[in-house]
>>> print(open('model-v6.cif').read())   # mmCIF, C-alpha atoms
data_structure
#
loop_
_atom_site.group_PDB
_atom_site.id
_atom_site.type_symbol
_atom_site.label_atom_id
_atom_site.label_comp_id
_atom_site.auth_asym_id
_atom_site.auth_seq_id
_atom_site.Cartn_x
_atom_site.Cartn_y
_atom_site.Cartn_z
ATOM 1 C CA MET A 1182 43.031 -3.678 -8.848
ATOM 2 C CA THR A 1183 43.970 -0.263 -7.530
ATOM 3 C CA THR A 1184 47.527 0.623 -6.601
ATOM 4 C CA THR A 1185 48.829 2.700 -3.714
ATOM 5 C CA GLY A 1186 47.543 6.249 -4.003
ATOM 6 C CA THR A 1187 44.697 5.411 -6.388
ATOM 7 C CA VAL A 1188 41.005 5.269 -5.504
ATOM 8 C CA GLU A 1189 38.340 3.820 -7.759
ATOM 9 C CA TYR A 1190 35.237 5.960 -7.250
ATOM 10 C CA TYR A 1191 31.976 4.174 -7.977
ATOM 11 C CA PHE A 1192 28.815 6.270 -7.787
ATOM 12 C CA THR A 1193 25.690 7.436 -9.516
ATOM 13 C CA PRO A 1194 25.376 11.194 -9.948
ATOM 14 C CA VAL A 1195 21.833 11.167 -8.522
ATOM 15 C CA SER A 1196 22.841 9.634 -5.169
ATOM 16 C CA PRO A 1197 22.374 12.033 -2.229
ATOM 17 C CA TRP A 1198 25.055 10.146 -0.324
ATOM 18 C CA ALA A 1199 27.543 10.609 -3.156
ATOM 19 C CA TYR A 1200 26.640 14.309 -3.173
ATOM 20 C CA LEU A 1201 27.192 14.597 0.581
ATOM 21 C CA GLY A 1202 30.578 12.914 0.363
ATOM 22 C CA HIS A 1203 31.914 14.279 -2.899
ATOM 23 C CA THR A 1204 33.559 17.516 -1.741
ATOM 24 C CA ARG A 1205 35.145 15.822 1.273
ATOM 25 C CA PHE A 1206 36.419 12.995 -0.913
ATOM 26 C CA LEU A 1207 38.058 15.457 -3.298
ATOM 27 C CA ALA A 1208 39.690 17.229 -0.352
ATOM 28 C CA ILE A 1209 40.999 13.945 1.059
ATOM 29 C CA ALA A 1210 42.389 12.925 -2.318
ATOM 30 C CA ALA A 1211 44.119 16.281 -2.715
ATOM 31 C CA ALA A 1212 45.563 16.194 0.808
ATOM 32 C CA THR A 1213 46.931 12.657 0.410
ATOM 33 C CA GLY A 1214 48.035 12.974 -3.210
ATOM 34 C CA ALA A 1215 45.619 10.243 -4.276
ATOM 35 C CA THR A 1216 44.548 9.785 -7.871
ATOM 36 C CA ILE A 1217 40.817 9.385 -8.459
ATOM 37 C CA GLU A 1218 39.494 7.014 -11.094
ATOM 38 C CA TYR A 1219 35.967 8.234 -11.785
ATOM 39 C CA LYS A 1220 33.718 5.254 -12.475
ATOM 40 C CA PRO A 1221 30.051 6.271 -12.586
ATOM 41 C CA ALA A 1222 28.090 3.054 -12.919
ATOM 42 C CA ASP A 1223 24.612 1.738 -13.672
ATOM 43 C CA TYR A 1224 23.157 1.062 -10.245
ATOM 44 C CA GLY A 1225 20.005 -0.389 -11.730
ATOM 45 C CA ARG A 1226 22.126 -3.311 -12.902
ATOM 46 C CA ILE A 1227 24.108 -3.391 -9.679
ATOM 47 C CA PHE A 1228 20.988 -3.472 -7.500
ATOM 48 C CA ALA A 1229 19.473 -6.220 -9.615
ATOM 49 C CA ILE A 1230 22.260 -8.646 -8.753
ATOM 50 C CA SER A 1231 23.180 -7.434 -5.260
ATOM 51 C CA GLY A 1232 19.792 -7.399 -3.569
ATOM 52 C CA GLY A 1233 19.417 -3.632 -3.620
ATOM 53 C CA LEU A 1234 16.095 -1.932 -4.244
ATOM 54 C CA PRO A 1235 15.208 1.395 -5.841
ATOM 55 C CA LEU A 1236 14.031 3.889 -3.247
ATOM 56 C CA ALA A 1237 10.343 3.577 -4.138
ATOM 57 C CA LYS A 1238 10.436 -0.173 -3.556
ATOM 58 C CA ARG A 1239 12.065 -0.026 -0.126
ATOM 59 C CA ALA A 1240 10.092 -0.629 3.037
ATOM 60 C CA PRO A 1241 8.349 2.478 4.437
ATOM 61 C CA GLN A 1242 10.461 2.252 7.607
ATOM 62 C CA ARG A 1243 13.666 2.460 5.572
ATOM 63 C CA GLN A 1244 12.366 5.337 3.490
ATOM 64 C CA ALA A 1245 11.376 7.255 6.618
ATOM 65 C CA TYR A 1246 14.713 6.717 8.342
ATOM 66 C CA ARG A 1247 16.561 7.834 5.212
ATOM 67 C CA GLN A 1248 14.952 11.255 5.598
ATOM 68 C CA PHE A 1249 16.302 11.646 9.128
ATOM 69 C CA GLU A 1250 19.782 10.686 8.008
ATOM 70 C CA LEU A 1251 19.782 13.052 5.041
ATOM 71 C CA LYS A 1252 18.797 15.952 7.300
ATOM 72 C CA ARG A 1253 21.383 15.010 9.938
ATOM 73 C CA TRP A 1254 24.257 14.746 7.496
ATOM 74 C CA SER A 1255 23.252 17.898 5.636
ATOM 75 C CA ALA A 1256 23.291 19.830 8.914
ATOM 76 C CA LEU A 1257 26.509 18.260 10.155
ATOM 77 C CA LEU A 1258 28.403 18.968 6.952
ATOM 78 C CA GLY A 1259 26.835 22.357 6.313
ATOM 79 C CA LEU A 1260 25.782 21.245 2.847
ATOM 80 C CA PRO A 1261 22.352 22.336 1.648
ATOM 81 C CA LEU A 1262 20.175 19.428 0.538
ATOM 82 C CA ASN A 1263 16.514 19.212 -0.365
ATOM 83 C CA PRO A 1264 15.419 15.738 0.816
ATOM 84 C CA HIS A 1265 12.497 15.839 -1.633
ATOM 85 C CA PRO A 1266 13.930 17.346 -4.823
ATOM 86 C CA LYS A 1267 11.597 18.030 -7.717
ATOM 87 C CA TYR A 1268 13.584 15.914 -10.164
ATOM 88 C CA PHE A 1269 14.315 12.746 -8.227
ATOM 89 C CA PRO A 1270 14.297 9.969 -9.052
ATOM 90 C CA VAL A 1271 15.216 10.475 -12.687
ATOM 91 C CA PRO A 1272 17.252 8.257 -15.036
ATOM 92 C CA ALA A 1273 20.942 8.783 -14.320
ATOM 93 C CA ASP A 1274 22.492 7.178 -17.399
ATOM 94 C CA LEU A 1275 22.957 10.312 -19.494
ATOM 95 C CA ALA A 1276 24.471 12.298 -16.624
ATOM 96 C CA ALA A 1277 26.774 9.392 -15.845
ATOM 97 C CA ARG A 1278 27.894 9.147 -19.469
ATOM 98 C CA VAL A 1279 28.546 12.898 -19.551
ATOM 99 C CA ILE A 1280 30.914 12.406 -16.609
ATOM 100 C CA VAL A 1281 32.561 9.483 -18.404
ATOM 101 C CA ALA A 1282 32.980 11.702 -21.474
ATOM 102 C CA ALA A 1283 34.517 14.399 -19.280
ATOM 103 C CA THR A 1284 37.179 11.974 -18.059
ATOM 104 C CA GLN A 1285 38.269 11.677 -21.695
ATOM 105 C CA ALA A 1286 38.394 15.451 -22.204
ATOM 106 C CA GLU A 1287 40.310 18.363 -20.712
ATOM 107 C CA GLY A 1288 38.751 19.849 -17.613
ATOM 108 C CA ASP A 1289 37.918 19.482 -13.939
ATOM 109 C CA VAL A 1290 35.883 16.273 -13.678
ATOM 110 C CA GLY A 1291 35.530 16.667 -9.924
ATOM 111 C CA ARG A 1292 33.883 20.060 -10.310
ATOM 112 C CA LEU A 1293 31.573 18.849 -13.081
ATOM 113 C CA THR A 1294 30.500 15.877 -10.963
ATOM 114 C CA ALA A 1295 29.856 18.170 -7.993
ATOM 115 C CA ASP A 1296 27.834 20.549 -10.132
ATOM 116 C CA ILE A 1297 25.659 17.761 -11.541
ATOM 117 C CA MET A 1298 24.999 16.429 -8.052
ATOM 118 C CA ARG A 1299 24.221 19.897 -6.731
ATOM 119 C CA ALA A 1300 21.826 20.465 -9.632
ATOM 120 C CA VAL A 1301 19.728 17.571 -8.333
ATOM 121 C CA TRP A 1302 19.933 18.127 -4.593
ATOM 122 C CA THR A 1303 19.873 21.912 -4.233
ATOM 123 C CA GLU A 1304 18.940 23.549 -7.536
ATOM 124 C CA GLU A 1305 15.788 21.649 -8.605
ATOM 125 C CA ARG A 1306 17.213 20.871 -12.049
ATOM 126 C CA ASN A 1307 16.566 17.812 -14.160
ATOM 127 C CA VAL A 1308 19.850 16.055 -14.884
ATOM 128 C CA SER A 1309 18.180 13.567 -17.195
ATOM 129 C CA ASP A 1310 17.625 16.495 -19.587
ATOM 130 C CA ALA A 1311 20.310 17.030 -22.215
ATOM 131 C CA ALA A 1312 19.989 20.823 -22.310
ATOM 132 C CA THR A 1313 20.322 21.031 -18.533
ATOM 133 C CA LEU A 1314 23.445 18.866 -18.581
ATOM 134 C CA ALA A 1315 24.979 20.932 -21.383
ATOM 135 C CA ALA A 1316 24.404 24.110 -19.360
ATOM 136 C CA VAL A 1317 25.927 22.559 -16.234
ATOM 137 C CA ALA A 1318 28.935 21.373 -18.237
ATOM 138 C CA ASP A 1319 29.407 24.796 -19.820
ATOM 139 C CA ALA A 1320 29.387 26.438 -16.387
ATOM 140 C CA ALA A 1321 31.987 23.916 -15.188
ATOM 141 C CA GLY A 1322 34.362 24.917 -17.962
ATOM 142 C CA PHE A 1323 33.604 22.210 -20.515
ATOM 143 C CA ASP A 1324 32.055 22.451 -23.948
ATOM 144 C CA GLY A 1325 28.625 21.140 -23.030
ATOM 145 C CA ALA A 1326 27.530 20.385 -26.579
ATOM 146 C CA LYS A 1327 30.684 18.362 -27.241
ATOM 147 C CA LEU A 1328 30.294 16.400 -23.983
ATOM 148 C CA LEU A 1329 26.669 15.595 -24.815
ATOM 149 C CA ALA A 1330 27.683 14.418 -28.272
ATOM 150 C CA ALA A 1331 30.497 12.315 -26.824
ATOM 151 C CA ALA A 1332 28.115 10.828 -24.262
ATOM 152 C CA GLU A 1333 26.157 9.229 -27.120
ATOM 153 C CA THR A 1334 29.166 7.574 -28.749
ATOM 154 C CA ASP A 1335 29.881 3.862 -28.670
ATOM 155 C CA ALA A 1336 33.205 4.483 -26.905
ATOM 156 C CA VAL A 1337 31.650 6.293 -23.951
ATOM 157 C CA THR A 1338 28.724 3.888 -23.750
ATOM 158 C CA ALA A 1339 31.192 1.007 -23.667
ATOM 159 C CA ALA A 1340 33.257 2.697 -20.954
ATOM 160 C CA TYR A 1341 30.138 3.223 -18.843
ATOM 161 C CA GLY A 1342 29.286 -0.442 -19.262
ATOM 162 C CA ALA A 1343 32.840 -1.407 -18.333
ATOM 163 C CA HIS A 1344 32.644 0.668 -15.141
ATOM 164 C CA THR A 1345 29.471 -1.185 -14.231
ATOM 165 C CA GLU A 1346 31.102 -4.543 -14.893
ATOM 166 C CA ASP A 1347 34.097 -3.479 -12.809
ATOM 167 C CA ALA A 1348 31.751 -2.522 -9.978
ATOM 168 C CA ILE A 1349 29.983 -5.867 -10.144
ATOM 169 C CA ALA A 1350 33.303 -7.727 -10.178
ATOM 170 C CA ALA A 1351 34.449 -5.714 -7.154
ATOM 171 C CA GLN A 1352 31.213 -6.617 -5.303
ATOM 172 C CA VAL A 1353 30.030 -3.030 -5.161
ATOM 173 C CA PHE A 1354 26.405 -2.790 -4.030
ATOM 174 C CA GLY A 1355 25.854 0.827 -2.976
ATOM 175 C CA ALA A 1356 26.812 4.395 -3.806
ATOM 176 C CA PRO A 1357 29.246 5.854 -3.235
ATOM 177 C CA THR A 1358 31.862 3.134 -2.960
ATOM 178 C CA TYR A 1359 35.563 3.970 -2.834
ATOM 179 C CA ILE A 1360 38.074 1.175 -3.480
ATOM 180 C CA HIS A 1361 41.698 1.545 -2.459
ATOM 181 C CA ARG A 1362 44.193 -1.287 -2.908
ATOM 182 C CA GLY A 1363 41.325 -3.726 -3.326
ATOM 183 C CA GLU A 1364 39.564 -2.687 -0.099
ATOM 184 C CA PRO A 1365 36.058 -1.224 -0.425
ATOM 185 C CA PHE A 1366 34.746 1.670 1.622
ATOM 186 C CA TRP A 1367 30.976 1.971 1.174
ATOM 187 C CA GLY A 1368 29.266 5.235 1.931
ATOM 188 C CA GLN A 1369 30.338 8.799 2.556
ATOM 189 C CA ASP A 1370 30.318 7.988 6.283
ATOM 190 C CA ARG A 1371 33.364 5.754 5.695
ATOM 191 C CA LEU A 1372 35.571 8.532 4.354
ATOM 192 C CA ASP A 1373 37.538 8.749 7.607
ATOM 193 C CA PHE A 1374 38.562 5.124 7.170
ATOM 194 C CA LEU A 1375 39.526 5.757 3.551
ATOM 195 C CA GLU A 1376 41.655 8.728 4.566
ATOM 196 C CA ARG A 1377 43.474 6.619 7.172
ATOM 197 C CA ALA A 1378 44.163 3.952 4.569
ATOM 198 C CA LEU A 1379 45.512 6.500 2.100
ATOM 199 C CA ARG A 1380 47.773 8.078 4.702
ATOM 200 C CA ALA A 1381 49.046 4.637 5.708
ATOM 201 C CA GLY A 1382 50.241 4.130 2.134
#
>>> encode(input="model-v6.cif", output="structure tokens")
Amino acid sequence: MTTTGTVEYYFTPVSPWAYLGHTRFLAIAAATGATIEYKPADYGRIFAISGGLPLAKRAPQRQAYRQFELKRWSALLGLPLNPHPKYFPVPADLAARVIVAATQAEGDVGRLTADIMRAVWTEERNVSDAATLAAVADAAGFDGAKLLAAAETDAVTAAYGAHTEDAIAAQVFGAPTYIHRGEPFWGQDRLDFLERALRAG
């Protein structure tokens, strides 16, 4: 259970919606003094028990509408986004574990997460590739080789699994989901409500 001023941040680093919301979420957390608990999770497992479907298995109508929404939000927020990136979908587990490893190291986890997301949605880079992730981590001020090594350890793998279990227990079903004082806010389009809740204390 989160406490006042803490937000549990559930996401997958290959979600376009998490990418669109990430910078605003960091700004809201900074402005309200909130602490972020980064909890990248395995959405394959989450979808399997919550009724969610991978993009390719969704109805054509839903896939088509998603494209309109991505373009609208990209334009509204002034964030570049390629709605058909070269390397999507790709497995997200390694990138997620790199972020988990970063939370156990010294450095700016928010920036690293942003850079991994941007690599997918604007830079046409493959974040399921270890060398790509190491380069992104290096540029974000981490030791990429050390993060990649840590991402393969039992401790980080267990933490990633625990985040997923936490998400399931909290009834998370989509990305991103922000949880403050036990109340979920699903989607980057709910950030205004999250900010109000944080300012209310």
>>> atom_distance(input="model-v6.cif", atom1="atom CA of A:Ile1217", atom2="atom CA of A:Gly1186")
8.7 Å
>>> residues_around(input="model-v6.cif", residues="A:Glu1287", least_positions_apart="4", cutoff="10 Å", atoms="only C-alpha atoms", output="list in words")
Ala1282, Ala1283, Gly1322, Phe1323 and Asp1324 of chain A
>>> closest_residue(input="model-v6.cif", among="A:Val1188, A:Ala1222, A:Ala1348, A:Ala1300", to="A:Ala1210", atoms="only C-alpha atoms")
A:Val1188
>>> atom_distance(input="model-v6.cif", atom1="atom CA of A:Ala1229", atom2="atom CA of A:Leu1329")
27.5 Å
>>> resolve_selection(input="model-v6.cif", expression="the PyMOL selection byres ((chain A and resi 1277) around 10)", output="number ranges by chain")
A: 1192-1195, 1220-1223, 1272-1276, 1278-1283, 1294, 1297, 1308-1309, 1332, 1337-1338, 1341
>>> atom_distance(input="model-v6.cif", atom1="atom CA of A:Arg1306", atom2="atom CA of A:Glu1189")
27.5 Å
>>> closest_atom_pairs(input="model-v6.cif", of="stretch 1230-1343 of chain A", to="stretch 1352-1372 of chain A", cutoff="12 Å", atoms="only C-alpha atoms", output="CSV")
residue,atom,partner,partner_atom,distance
A:Ile1230,CA,A:Phe1354,CA,8.6
A:Ser1231,CA,A:Phe1354,CA,5.8
A:Gly1232,CA,A:Phe1354,CA,8.1
A:Gly1233,CA,A:Phe1354,CA,7.1
A:Leu1234,CA,A:Gly1355,CA,10.2
A:Pro1235,CA,A:Gly1355,CA,11.0
A:Glu1250,CA,A:Asp1370,CA,11.0
A:Leu1251,CA,A:Gln1369,CA,11.6
A:Arg1253,CA,A:Asp1370,CA,11.9
A:Trp1254,CA,A:Asp1370,CA,9.2
A:Ser1255,CA,A:Gln1369,CA,11.9
A:Leu1257,CA,A:Asp1370,CA,11.6
A:Leu1258,CA,A:Asp1370,CA,11.2
>>> closest_residue(input="model-v6.cif", among="A:Ala1340, A:Ala1320, A:Ile1349, A:Val1301", to="A:Tyr1224", atoms="only C-alpha atoms")
A:Ile1349
>>> axis_aligned_box(input="model-v6.cif", around="stretch 1324-1327 of chain A", padding_each_side="8 Å", output="AutoDock Vina command-line options")
--center_x 29.8 --center_y 20.4 --center_z -25.1 --size_x 20.5 --size_y 20.1 --size_z 20.2
>>> resolve_selection(input="model-v6.cif", expression="the PyMOL selection byres ((chain A and resi 1260-1270) around 6)", output="list in words")
Ser1255, Leu1258, Gly1259, Val1271, Trp1302, Thr1303, Glu1305 and Asn1307 of chain A
>>> closest_residue(input="model-v6.cif", among="A:Gln1248, A:Thr1213, A:Thr1345, A:Thr1313", to="A:Tyr1191", atoms="all atoms listed in the file")
A:Thr1345
>>> residues_around(input="model-v6.cif", residues="A:Gly1214", least_positions_apart="5", cutoff="9 Å", atoms="all atoms listed in the file", output="list in words")
Gly1186, Thr1187, Ile1209 and Leu1379 of chain A
>>> closest_residue(input="model-v6.cif", among="A:Val1317, A:Gly1225, A:Ala1339, A:Ala1208", to="A:Glu1304", atoms="all atoms listed in the file")
A:Val1317
>>> closest_residue(input="model-v6.cif", among="A:Leu1293, A:Ala1237, A:Lys1327, A:Glu1218", to="A:His1344", atoms="all atoms listed in the file")
A:Glu1218
